[in-house]
$ cat structure.pdb   # PDB, C-alpha atoms
ATOM      1  CA  VAL A 159     -74.288  25.630  44.251
ATOM      2  CA  LEU A 160     -70.952  26.644  42.709
ATOM      3  CA  THR A 161     -69.134  23.505  41.609
ATOM      4  CA  ALA A 162     -66.143  22.559  39.490
ATOM      5  CA  VAL A 163     -64.826  19.898  37.123
ATOM      6  CA  LYS A 164     -61.560  19.392  35.269
ATOM      7  CA  HIS A 165     -61.235  20.623  31.698
ATOM      8  CA  ALA A 166     -60.784  17.926  29.047
ATOM      9  CA  ASN A 167     -57.069  18.777  28.945
ATOM     10  CA  GLY A 168     -56.710  17.365  32.469
ATOM     11  CA  LYS A 169     -55.036  20.526  33.789
ATOM     12  CA  ASP A 170     -57.474  23.426  33.778
ATOM     13  CA  TRP A 171     -60.811  23.664  35.581
ATOM     14  CA  TRP A 172     -64.355  24.695  34.747
ATOM     15  CA  LEU A 173     -66.376  26.430  37.453
ATOM     16  CA  ILE A 174     -70.122  26.651  36.855
ATOM     17  CA  ASN A 175     -72.902  28.342  38.770
ATOM     18  CA  PRO A 176     -76.635  28.812  38.022
ATOM     19  CA  LEU A 177     -77.935  32.339  37.554
ATOM     20  CA  LEU A 178     -80.355  33.449  40.241
ATOM     21  CA  TYR A 179     -83.107  35.189  38.251
ATOM     22  CA  GLU A 180     -82.596  33.821  34.730
ATOM     23  CA  ASN A 181     -82.715  30.456  33.010
ATOM     24  CA  GLY A 182     -79.008  30.225  32.511
ATOM     25  CA  TYR A 183     -75.571  29.400  33.855
ATOM     26  CA  VAL A 184     -72.307  31.252  34.180
ATOM     27  CA  ARG A 185     -69.000  29.454  33.783
ATOM     28  CA  PHE A 186     -65.367  30.377  34.267
ATOM     29  CA  LEU A 187     -62.234  28.665  33.030
ATOM     30  CA  LEU A 188     -59.406  28.531  35.539
ATOM     31  CA  ASP A 189     -55.986  27.952  33.963
ATOM     32  CA  SER A 190     -52.374  28.922  34.601
ATOM     33  CA  ASN A 191     -53.248  32.548  33.782
ATOM     34  CA  GLY A 192     -56.060  32.733  36.347
ATOM     35  CA  PHE A 193     -59.802  33.062  35.798
ATOM     36  CA  SER A 194     -61.313  33.790  32.408
ATOM     37  CA  GLU A 195     -64.001  36.351  31.818
ATOM     38  CA  PRO A 196     -67.481  35.001  32.645
ATOM     39  CA  MET A 197     -69.175  32.973  29.898
ATOM     40  CA  TYR A 198     -72.943  32.552  29.839
ATOM     41  CA  GLN A 199     -75.356  29.939  28.519
ATOM     42  CA  TYR A 200     -79.082  30.765  28.487
ATOM     43  CA  ASP A 201     -82.404  29.000  27.964
ATOM     44  CA  ILE A 202     -81.232  25.457  28.544
ATOM     45  CA  GLY A 203     -83.890  23.344  30.210
ATOM     46  CA  ARG A 204     -86.724  24.644  32.392
ATOM     47  CA  ASP A 205     -87.062  27.844  34.360
ATOM     48  CA  TRP A 206     -85.976  27.560  37.976
ATOM     49  CA  ASP A 207     -87.719  29.151  40.965
ATOM     50  CA  PRO A 208     -85.232  31.741  42.335
ATOM     51  CA  ASN A 209     -86.294  30.903  45.879
ATOM     52  CA  GLY A 210     -85.242  27.316  45.258
ATOM     53  CA  ASN A 211     -81.596  28.333  44.973
ATOM     54  CA  TYR A 212     -81.444  28.751  48.722
ATOM     55  CA  GLY A 213     -82.061  25.064  49.288
ATOM     56  CA  CYS A 214     -80.659  23.387  46.185
ATOM     57  CA  ALA A 215     -77.663  21.186  45.469
ATOM     58  CA  ALA A 216     -75.526  20.753  42.348
ATOM     59  CA  GLN A 217     -72.677  18.428  41.415
ATOM     60  CA  PHE A 218     -70.863  16.848  38.508
ATOM     61  CA  THR A 219     -70.755  13.090  38.242
ATOM     62  CA  PRO A 220     -67.280  11.746  39.103
ATOM     63  CA  ASP A 221     -66.606  10.947  35.424
ATOM     64  CA  GLY A 222     -67.321  14.599  34.536
ATOM     65  CA  LYS A 223     -69.930  13.696  31.911
ATOM     66  CA  LYS A 224     -73.057  15.019  33.662
ATOM     67  CA  TYR A 225     -74.010  18.121  35.638
ATOM     68  CA  ILE A 226     -76.937  17.614  38.031
ATOM     69  CA  ARG A 227     -78.922  20.134  40.034
ATOM     70  CA  TRP A 228     -81.919  19.571  42.267
ATOM     71  CA  ASN A 229     -84.240  21.041  44.877
ATOM     72  CA  SER A 230     -87.658  20.173  46.274
ATOM     73  CA  ASP A 231     -89.503  22.941  44.383
ATOM     74  CA  ASP A 232     -88.128  22.354  40.881
ATOM     75  CA  GLY A 233     -87.139  18.695  40.803
ATOM     76  CA  THR A 234     -83.925  17.418  39.258
ATOM     77  CA  PHE A 235     -82.170  18.888  36.225
ATOM     78  CA  ILE A 236     -79.685  16.599  34.441
ATOM     79  CA  TYR A 237     -77.402  17.837  31.665
ATOM     80  CA  ARG A 238     -74.643  16.363  29.598
ATOM     81  CA  PHE A 239     -71.460  18.413  30.043
ATOM     82  CA  ASP A 240     -68.787  19.055  27.429
ATOM     83  CA  ARG A 241     -65.490  19.353  29.256
ATOM     84  CA  GLU A 242     -63.841  20.881  26.189
ATOM     85  CA  THR A 243     -66.252  23.793  25.718
ATOM     86  CA  GLY A 244     -67.916  23.971  29.142
ATOM     87  CA  LEU A 245     -71.382  23.815  27.537
ATOM     88  CA  LEU A 246     -74.456  22.001  28.836
ATOM     89  CA  SER A 247     -76.728  19.942  26.550
ATOM     90  CA  ASP A 248     -79.264  17.075  26.423
ATOM     91  CA  PHE A 249     -81.439  18.400  29.238
ATOM     92  CA  GLN A 250     -83.481  15.866  31.236
ATOM     93  CA  TRP A 251     -86.003  16.774  33.907
ATOM     94  CA  LEU A 252     -87.049  14.507  36.771
ATOM     95  CA  ASP A 253     -90.338  15.663  38.262
ATOM     96  CA  ASN A 254     -89.535  14.580  41.802
ATOM     97  CA  ARG A 255     -90.767  17.813  43.344
ATOM     98  CA  ILE A 256     -91.989  17.707  46.928
ATOM     99  CA  ASP A 257     -95.251  19.429  47.847
ATOM    100  CA  THR A 258     -94.360  21.282  51.016
ATOM    101  CA  SER A 259     -95.028  24.686  52.527
ATOM    102  CA  PHE A 260     -91.506  25.074  53.918
ATOM    103  CA  LEU A 261     -88.054  25.245  52.360
ATOM    104  CA  VAL A 262     -86.389  21.847  52.053
ATOM    105  CA  PHE A 263     -82.604  21.886  52.050
ATOM    106  CA  ALA A 264     -81.686  19.393  49.355
ATOM    107  CA  GLY A 265     -78.639  17.149  49.414
ATOM    108  CA  MET A 266     -76.920  15.195  46.676
ATOM    109  CA  ALA A 267     -74.087  12.791  45.919
ATOM    110  CA  VAL A 268     -73.156  10.485  43.043
ATOM    111  CA  SER A 269     -71.617   7.022  43.293
ATOM    112  CA  PRO A 270     -67.952   6.501  42.325
ATOM    113  CA  ASN A 271     -68.995   4.665  39.136
ATOM    114  CA  SER A 272     -71.180   7.699  38.174
ATOM    115  CA  ARG A 273     -74.242   5.454  37.820
ATOM    116  CA  PHE A 274     -76.263   6.059  40.964
ATOM    117  CA  LEU A 275     -77.570   9.435  42.065
ATOM    118  CA  TYR A 276     -78.448   9.930  45.735
ATOM    119  CA  LEU A 277     -80.882  12.733  46.591
ATOM    120  CA  SER A 278     -81.836  13.694  50.124
ATOM    121  CA  SER A 279     -84.782  15.783  51.230
ATOM    122  CA  LEU A 280     -83.952  15.947  54.957
ATOM    123  CA  VAL A 281     -86.517  13.221  55.685
ATOM    124  CA  ASP A 282     -85.702  10.578  53.049
ATOM    125  CA  LEU A 283     -82.773   9.443  50.921
ATOM    126  CA  TYR A 284     -83.475   8.140  47.394
ATOM    127  CA  GLN A 285     -81.251   6.389  44.889
ATOM    128  CA  TYR A 286     -81.744   6.908  41.126
ATOM    129  CA  ASP A 287     -80.176   4.870  38.332
ATOM    130  CA  LEU A 288     -78.716   7.311  35.793
ATOM    131  CA  GLU A 289     -78.368   4.482  33.257
ATOM    132  CA  ALA A 290     -82.059   3.525  33.390
ATOM    133  CA  ASP A 291     -84.338   4.227  30.419
ATOM    134  CA  ASP A 292     -86.718   5.919  32.859
ATOM    135  CA  ILE A 293     -84.568   7.496  35.566
ATOM    136  CA  LEU A 294     -87.526   8.820  37.554
ATOM    137  CA  SER A 295     -89.112   5.374  37.804
ATOM    138  CA  SER A 296     -85.833   3.872  38.983
ATOM    139  CA  ALA A 297     -86.078   5.730  42.311
ATOM    140  CA  VAL A 298     -85.616   3.558  45.409
ATOM    141  CA  LYS A 299     -85.879   4.834  48.970
ATOM    142  CA  VAL A 300     -82.719   3.644  50.710
ATOM    143  CA  GLY A 301     -82.951   5.584  53.969
ATOM    144  CA  SER A 302     -85.161   7.702  56.199
ATOM    145  CA  TRP A 303     -84.894  10.133  59.077
ATOM    146  CA  ASP A 304     -85.500   8.802  62.595
ATOM    147  CA  PRO A 305     -87.053  11.521  64.805
ATOM    148  CA  ASN A 306     -86.454   9.414  67.914
ATOM    149  CA  VAL A 307     -82.664   9.732  67.755
ATOM    150  CA  ARG A 308     -81.045  12.379  69.958
ATOM    151  CA  TYR A 309     -80.976  15.815  68.254
ATOM    152  CA  ARG A 310     -83.326  14.368  65.594
ATOM    153  CA  PRO A 311     -80.591  14.398  62.876
ATOM    154  CA  ASN A 312     -82.008  14.723  59.360
ATOM    155  CA  ILE A 313     -80.319  13.714  56.089
ATOM    156  CA  TRP A 314     -78.837  16.663  54.224
ATOM    157  CA  ALA A 315     -75.661  17.450  52.256
ATOM    158  CA  GLY A 316     -73.697  14.584  50.736
ATOM    159  CA  GLN A 317     -70.062  14.095  49.757
ATOM    160  CA  LEU A 318     -68.221  11.174  48.185
ATOM    161  CA  GLY A 319     -65.255  10.342  50.380
ATOM    162  CA  PRO A 320     -61.756   9.170  49.371
ATOM    163  CA  ASP A 321     -62.719   5.729  50.753
ATOM    164  CA  CYS A 322     -65.568   5.333  48.189
ATOM    165  CA  ARG A 323     -68.251   5.828  50.826
ATOM    166  CA  ILE A 324     -70.771   8.664  50.685
ATOM    167  CA  TYR A 325     -71.241  10.772  53.803
ATOM    168  CA  PHE A 326     -74.397  12.777  54.533
ATOM    169  CA  THR A 327     -74.405  15.487  57.167
ATOM    170  CA  THR A 328     -77.348  17.102  58.998
ATOM    171  CA  THR A 329     -78.718  20.617  59.374
ATOM    172  CA  SER A 330     -78.991  20.204  63.137
ATOM    173  CA  SER A 331     -76.551  19.253  65.872
ATOM    174  CA  SER A 332     -75.645  15.579  65.851
ATOM    175  CA  GLU A 333     -73.050  13.274  67.368
ATOM    176  CA  LYS A 334     -72.969  11.181  64.193
ATOM    177  CA  ILE A 335     -73.523  11.511  60.456
ATOM    178  CA  HIS A 336     -74.893   9.014  57.932
ATOM    179  CA  VAL A 337     -72.963   6.767  55.534
ATOM    180  CA  VAL A 338     -73.670   4.905  52.283
ATOM    181  CA  HIS A 339     -71.104   2.103  52.472
ATOM    182  CA  GLN A 340     -71.554   0.552  49.002
ATOM    183  CA  PRO A 341     -72.826   3.406  46.793
ATOM    184  CA  ASP A 342     -71.987   1.564  43.537
ATOM    185  CA  LEU A 343     -74.605  -1.103  44.343
ATOM    186  CA  LYS A 344     -78.274  -0.903  43.416
ATOM    187  CA  GLY A 345     -81.117  -0.419  45.882
ATOM    188  CA  SER A 346     -80.800  -1.511  49.494
ATOM    189  CA  SER A 347     -77.505  -3.245  48.651
ATOM    190  CA  CYS A 348     -75.904   0.219  48.816
ATOM    191  CA  ASP A 349     -75.911  -0.305  52.607
ATOM    192  CA  PHE A 350     -77.058   3.062  53.936
ATOM    193  CA  ARG A 351     -76.483   3.357  57.685
ATOM    194  CA  TYR A 352     -78.298   6.153  59.448
ATOM    195  CA  HIS A 353     -76.515   8.040  62.252
ATOM    196  CA  SER A 354     -73.527   5.695  62.160
ATOM    197  CA  PHE A 355     -70.272   7.676  61.779
ATOM    198  CA  PRO A 356     -69.337   9.176  65.160
ATOM    199  CA  PHE A 357     -67.713  12.487  66.010
ATOM    200  CA  HIS A 358     -65.984  13.326  69.262
ATOM    201  CA  ARG A 359     -68.419  16.182  69.715
ATOM    202  CA  SER A 360     -71.823  17.086  68.380
ATOM    203  CA  GLY A 361     -71.961  19.358  65.365
ATOM    204  CA  GLY A 362     -74.090  20.185  62.371
ATOM    205  CA  GLY A 363     -74.189  22.109  59.144
ATOM    206  CA  SER A 364     -72.697  21.778  55.716
ATOM    207  CA  ILE A 365     -70.000  19.375  54.607
ATOM    208  CA  PRO A 366     -67.156  20.590  52.353
ATOM    209  CA  HIS A 367     -67.718  19.965  48.658
ATOM    210  CA  TYR A 368     -64.772  18.351  46.910
ATOM    211  CA  PRO A 369     -64.727  17.942  43.121
ATOM    212  CA  ASN A 370     -63.033  14.916  41.581
ATOM    213  CA  TYR A 371     -59.378  15.960  41.666
ATOM    214  CA  ARG A 372     -58.369  12.521  40.296
ATOM    215  CA  LEU A 373     -60.378  12.765  37.075
ATOM    216  CA  ASP A 374     -58.238  11.500  34.167
ATOM    217  CA  SER A 375     -55.350  10.721  36.508
ATOM    218  CA  GLY A 376     -56.519   7.748  38.599
ATOM    219  CA  PRO A 377     -59.416   6.088  40.431
ATOM    220  CA  VAL A 378     -61.881   8.519  41.975
ATOM    221  CA  CYS A 379     -61.454   6.834  45.366
ATOM    222  CA  ASP A 380     -59.912   3.857  47.160
ATOM    223  CA  PRO A 381     -62.205   1.500  49.125
ATOM    224  CA  GLY A 382     -59.152   0.141  50.930
ATOM    225  CA  ILE A 383     -58.692   3.338  52.935
ATOM    226  CA  VAL A 384     -59.363   2.721  56.638
ATOM    227  CA  ILE A 385     -59.072   4.767  59.817
ATOM    228  CA  THR A 386     -56.003   3.492  61.655
ATOM    229  CA  GLY A 387     -56.178   5.563  64.814
ATOM    230  CA  THR A 388     -57.807   8.401  66.698
ATOM    231  CA  TRP A 389     -56.524  11.564  68.327
ATOM    232  CA  ASN A 390     -57.494  13.007  71.641
ATOM    233  CA  ILE A 391     -59.420  16.101  70.574
ATOM    234  CA  PRO A 392     -58.728  18.156  73.765
ATOM    235  CA  GLU A 393     -54.987  17.554  73.225
ATOM    236  CA  VAL A 394     -55.198  18.835  69.653
ATOM    237  CA  GLN A 395     -57.197  21.852  70.807
ATOM    238  CA  GLY A 396     -54.540  22.530  73.422
ATOM    239  CA  ALA A 397     -51.887  22.349  70.722
ATOM    240  CA  LEU A 398     -53.764  24.871  68.591
ATOM    241  CA  ARG A 399     -54.045  27.244  71.546
ATOM    242  CA  GLU A 400     -50.285  26.958  72.059
ATOM    243  CA  LEU A 401     -49.663  27.763  68.401
ATOM    244  CA  ILE A 402     -51.959  30.787  68.639
ATOM    245  CA  ARG A 403     -49.971  31.971  71.676
ATOM    246  CA  LEU A 404     -46.687  31.530  69.787
ATOM    247  CA  GLY A 405     -48.137  33.387  66.817
ATOM    248  CA  LYS A 406     -48.821  36.387  69.003
ATOM    249  CA  GLU A 407     -45.300  36.367  70.415
ATOM    250  CA  GLN A 408     -43.285  35.518  67.307
ATOM    251  CA  GLU A 409     -43.260  36.801  63.737
ATOM    252  CA  PHE A 410     -42.599  33.300  62.407
ATOM    253  CA  ILE A 411     -43.692  29.825  63.519
ATOM    254  CA  SER A 412     -41.420  27.018  62.340
ATOM    255  CA  LEU A 413     -42.339  23.429  61.539
ATOM    256  CA  ASP A 414     -40.473  22.416  64.701
ATOM    257  CA  ASP A 415     -42.791  24.689  66.708
ATOM    258  CA  ILE A 416     -45.844  23.012  65.145
ATOM    259  CA  ASN A 417     -44.573  19.447  65.596
ATOM    260  CA  GLN A 418     -43.569  20.087  69.217
ATOM    261  CA  ALA A 419     -46.973  21.533  70.046
ATOM    262  CA  LEU A 420     -48.939  18.586  68.636
ATOM    263  CA  PRO A 421     -49.585  15.393  70.639
ATOM    264  CA  PRO A 422     -46.787  12.773  70.359
ATOM    265  CA  ASP A 423     -48.979  10.277  68.450
ATOM    266  CA  PHE A 424     -50.152  12.876  65.914
ATOM    267  CA  GLY A 425     -47.123  12.377  63.666
ATOM    268  CA  ASP A 426     -44.837  14.977  62.166
ATOM    269  CA  ILE A 427     -46.046  17.591  59.664
ATOM    270  CA  GLU A 428     -43.833  18.029  56.622
ATOM    271  CA  ILE A 429     -43.787  20.456  53.695
ATOM    272  CA  ILE A 430     -43.433  18.576  50.409
ATOM    273  CA  GLU A 431     -42.368  20.513  47.335
ATOM    274  CA  GLU A 432     -43.390  19.124  43.939
TER
END
$ encode --input "structure.pdb" --output "structure tokens"
Amino acid sequence: VLTAVKHANGKDWWLINPLLYENGYVRFLLDSNGFSEPMYQYDIGRDWDPNGNYGCAAQFTPDGKKYIRWNSDDGTFIYRFDRETGLLSDFQWLDNRIDTSFLVFAGMAVSPNSRFLYLSSLVDLYQYDLEADDILSSAVKVGSWDPNVRYRPNIWAGQLGPDCRIYFTTTSSSEKIHVVHQPDLKGSSCDFRYHSFPFHRSGGGSIPHYPNYRLDSGPVCDPGIVITGTWNIPEVQGALRELIRLGKEQEFISLDDINQALPPDFGDIEIIEE
């Protein structure tokens, strides 16, 4: 549940992580000199079941104003975050705990406008309005697991994409993942589509977590981004094998080596210095 957000200066970064056996958080400041010494904040909000850390999720809202953490055993913790000091405040608790005898791997994502919180519990996907007077009562089920689909893909970890859609992966093998196409819209208008984004091969597991790199510098995402083509995966795999072979034979692999090994329609790779 380690996550990050830009400092208020727009250059440095805060990294924050919950403590395992204490009611507290550790934070680090990453600047041009490297990582700071750890800084701690204790007794903010409720105690957290240590076992719940193995199935929890945590993220900042895209605007960097809130830090949110949730799992099925403890519910949802919402804090206001000070990007200048790195301190949490104004704790809110949503008692949306799930009564279950097994560990639920929780998933989370927040809409580009930072208003709507999406929480997954493997079986269901709920949307919460963070601007509502009663956030808990604003919950709307926008999606559910279908056990009749091949591999029985559940709804797990979420990530806001650069195209302003939210993607949810599965814990099991699946040929497709799930997509919220209009996450800034309320209720069913968010257009959640179960098992709708195809892969060339089946796969499962976590999805990379990307913080908002564009905070203070531009829009969090661009809904105009579209996929303009596809690559033949076996060809790319063959290219990687060729590069591995060259790496064993040569001390140095040039950009020409890489571009020649890739399929013709892949495009050239360039190194851009800023």
$ resolve_selection --input "structure.pdb" --expression "the PyMOL selection byres ((chain A and resi 224) around 8)" --output "list in words"
Phe218, Thr219, Asp221, Gly222, Lys223, Tyr225, Ile226, Ile236, Tyr237, Arg238 and Phe239 of chain A
$ atom_distance --input "structure.pdb" --atom1 "atom CA of Arg241 of chain A" --atom2 "atom CA of Lys164 of chain A"
7.2 Å
$ resolve_selection --input "structure.pdb" --expression "the PyMOL selection byres ((chain A and resi 196) around 8)" --output "list in words"
Val184, Arg185, Phe186, Ser194, Glu195, Met197 and Tyr198 of chain A
$ residues_around --input "structure.pdb" --residues "Ile293 of chain A" --least-positions-apart "5" --cutoff "12 Å" --atoms "all atoms listed in the file" --output "list in words"
Thr234, Phe235, Ile236, Gln250, Trp251, Leu252, Asp253, Asn254, Arg273, Phe274, Leu275, Tyr284, Gln285, Tyr286, Asp287, Leu288 and Val298 of chain A
$ closest_residue --input "structure.pdb" --among "A:Lys334, A:His353, A:Arg323, A:His367" --to "Asp380 of chain A" --atoms "only C-alpha atoms"
A:Arg323
$ resolve_selection --input "structure.pdb" --expression "the PyMOL selection byres ((chain A and resi 311-320) around 9)" --output "JSON, numbers by chain"
{"A": [215, 263, 264, 265, 266, 267, 268, 269, 270, 276, 277, 278, 279, 280, 281, 282, 283, 301, 302, 303, 304, 305, 307, 308, 309, 310, 321, 322, 323, 324, 325, 326, 327, 328, 329, 330, 331, 332, 333, 334, 335, 336, 352, 353, 362, 363, 364, 365, 366, 367, 368, 378, 379, 380, 381, 383]}
$ atom_distance --input "structure.pdb" --atom1 "atom CA of Trp228 of chain A" --atom2 "atom CA of Leu188 of chain A"
25.1 Å
$ atom_distance --input "structure.pdb" --atom1 "atom CA of Asp292 of chain A" --atom2 "atom CA of Asp207 of chain A"
24.6 Å
